[in-house]
Amino acid sequence: MDLKDNIVGYWDLRAQGYSLANREEFADKQSVYGRLLTAWASKITTSNPKALDLGCGPGFFSLILSQMGFQVTGVDASPKMIEQARANAAENGLSAQFILSDVTHPKLSEHYDLIVTRNLVWNLTDPATAYKNWSKLLKQNGLMLIFDGNHYYYLTEPKYRFPEGPQSSHKHIGQVDPSVMERIATELPMTKHLRPQYDETLLQANGLVVVAEQILRTVSRGDESLVADFLIVAGREKKHYAD
């Protein structure tokens, strides 16, 4: 199997447990990610807004956006994740559409008011091309929200090995061996780059500007404060959403 197949295979194994964790998070009205998503999505004021949830997994963001009145399309390369997303939407009486597709090259003809990702970009084999393709799907006054972190950057810079590593935040991992993803991460481009700075350069190369940046978690190392998790909000023009 090639690298992409290995990534999909890993997340297929994680799908059931990850879905259970997402359901718990969806029920938690104090979820940091849920509140941030809602706050930024609320800035979209167009009628019948369309949202694209890339790497949707079991559908956490898709369900929230659907509840808010967005026409939601969720995309994931993992068949098992798509199965879980469809089941979770049906269970909550929501009408989000879920498509099995390569998220780097999503086969979509629509343009979107809002594009969201969570913990996706770090495990892409070609993030530069992904950002290029995604930027073409964003409407003129749209927003792109990238929730991510310096996951596995410790393989390049050891001081970024945090007590709470990239797997510790995921409950219900069951018998899945997380060291599989660590081995995969040694071959992934984002493992070699400090973020969110590198993401900013890729976004700017595709005509997007950083509207806002929020550091969600840091870890202290002596006098340094190292970024663990972050949110980048990007758009075509900062003036539309900067406030």
# chains A, B, ... in the order shown; residues from 1 in each chain; ligands from 1
call {"tool": "select_by_dssp", "arguments": {"residues": "region 13-123 of chain A", "states": "helix (DSSP H, G or I)", "output": "JSON, numbers by chain"}}
result
{"A": [13, 14, 15, 16, 17, 18, 19, 20, 21, 22, 23, 24, 25, 26, 27, 32, 33, 34, 35, 36, 37, 38, 39, 40, 41, 60, 61, 62, 63, 64, 65, 66, 67, 79, 80, 81, 82, 83, 84, 85, 86, 87, 88, 89, 90, 91, 121, 122, 123]}
call {"tool": "residues_around", "arguments": {"residues": "Asp199 (chain A)", "least_positions_apart": "3", "cutoff": "9 Å", "atoms": "only C-alpha atoms", "output": "NGL selection string"}}
result
:A and (127-128 or 131 or 193-196 or 202-204 or 232)
call {"tool": "atom_distance", "arguments": {"atom1": "CA of Gln84 (chain A)", "atom2": "CA of Leu231 (chain A)"}}
result
25.1 Å
call {"tool": "closest_residue", "arguments": {"among": "A:Gly74, A:Gly235, A:Gly93, A:Pro189", "to": "Ser135 (chain A)", "atoms": "only C-alpha atoms"}}
result
A:Gly235
call {"tool": "residues_around", "arguments": {"residues": "Arg14 (chain A)", "least_positions_apart": "2", "cutoff": "12 Å", "atoms": "only C-alpha atoms", "output": "number ranges by chain"}}
result
A: 7-12, 16-22, 57-58, 78-81, 84, 167, 170-178, 180-181
call {"tool": "write_last_selection", "arguments": {"atoms": "C-alpha atoms", "output": "mmCIF file, in the first residue's frame"}}
result
data_model
loop_
_atom_site.group_PDB
_atom_site.id
_atom_site.type_symbol
_atom_site.label_atom_id
_atom_site.label_comp_id
_atom_site.auth_asym_id
_atom_site.auth_seq_id
_atom_site.Cartn_x
_atom_site.Cartn_y
_atom_site.Cartn_z
ATOM 1 C CA ILE A 7 -3.363 6.853 6.320
ATOM 2 C CA VAL A 8 -6.879 5.843 5.272
ATOM 3 C CA GLY A 9 -6.395 2.390 6.780
ATOM 4 C CA TYR A 10 -5.383 3.880 10.123
ATOM 5 C CA TRP A 11 -8.388 6.211 10.285
ATOM 6 C CA ASP A 12 -10.744 3.427 9.246
ATOM 7 C CA GLN A 16 -15.826 3.862 15.650
ATOM 8 C CA GLY A 17 -13.969 5.145 18.697
ATOM 9 C CA TYR A 18 -13.443 8.581 17.173
ATOM 10 C CA SER A 19 -17.149 8.771 16.421
ATOM 11 C CA LEU A 20 -18.015 8.008 20.032
ATOM 12 C CA ALA A 21 -15.674 10.779 21.196
ATOM 13 C CA ASN A 22 -17.220 13.182 18.658
ATOM 14 C CA GLY A 57 -14.421 12.385 10.166
ATOM 15 C CA PRO A 58 -17.590 11.347 12.033
ATOM 16 C CA SER A 78 -11.986 7.106 5.048
ATOM 17 C CA PRO A 79 -15.044 4.971 4.159
ATOM 18 C CA LYS A 80 -15.569 4.070 7.814
ATOM 19 C CA MET A 81 -15.517 7.737 8.863
ATOM 20 C CA GLN A 84 -20.099 7.139 11.022
ATOM 21 C CA GLN A 167 -2.941 10.696 20.638
ATOM 22 C CA HIS A 170 -8.488 11.096 21.728
ATOM 23 C CA LYS A 171 -10.637 8.877 23.884
ATOM 24 C CA HIS A 172 -11.963 5.462 22.946
ATOM 25 C CA ILE A 173 -8.893 4.498 20.933
ATOM 26 C CA GLY A 174 -9.471 0.858 21.859
ATOM 27 C CA GLN A 175 -6.942 -1.625 20.536
ATOM 28 C CA VAL A 176 -5.648 0.645 17.757
ATOM 29 C CA ASP A 177 -1.866 1.034 17.929
ATOM 30 C CA PRO A 178 -1.052 4.794 17.795
ATOM 31 C CA VAL A 180 1.336 3.251 13.423
ATOM 32 C CA MET A 181 0.527 6.907 12.830
#
call {"tool": "closest_residue", "arguments": {"among": "A:Gly34, A:Pro158, A:Gly55, A:Gly149", "to": "His105 (chain A)", "atoms": "only C-alpha atoms"}}
result
A:Gly55
call {"tool": "select_by_dssp", "arguments": {"residues": "region 72-235 of chain A", "states": "strand (DSSP E)", "output": "VMD selection string"}}
result
chain A and resid 72 to 76 97 to 100 112 to 118 138 to 149 209 to 221 224 to 235
call {"tool": "closest_residue", "arguments": {"among": "A:Asp148, A:Glu83, A:Glu91, A:Asp53", "to": "Val116 (chain A)", "atoms": "only C-alpha atoms"}}
result
A:Asp53
call {"tool": "closest_residue", "arguments": {"among": "A:Leu216, A:Lys132, A:Tyr33, A:Gly207", "to": "Arg118 (chain A)", "atoms": "only C-alpha atoms"}}
result
A:Tyr33
call {"tool": "atom_distance", "arguments": {"atom1": "CA of Trp134 (chain A)", "atom2": "CA of Lys4 (chain A)"}}
result
18.6 Å
call {"tool": "closest_residue", "arguments": {"among": "A:Ile82, A:Ala205, A:Ala77, A:Ile64", "to": "Arg35 (chain A)", "atoms": "only C-alpha atoms"}}
result
A:Ile64
call {"tool": "closest_residue", "arguments": {"among": "A:Ser42, A:Leu37, A:Ser31, A:Thr104", "to": "Leu54 (chain A)", "atoms": "only C-alpha atoms"}}
result
A:Thr104
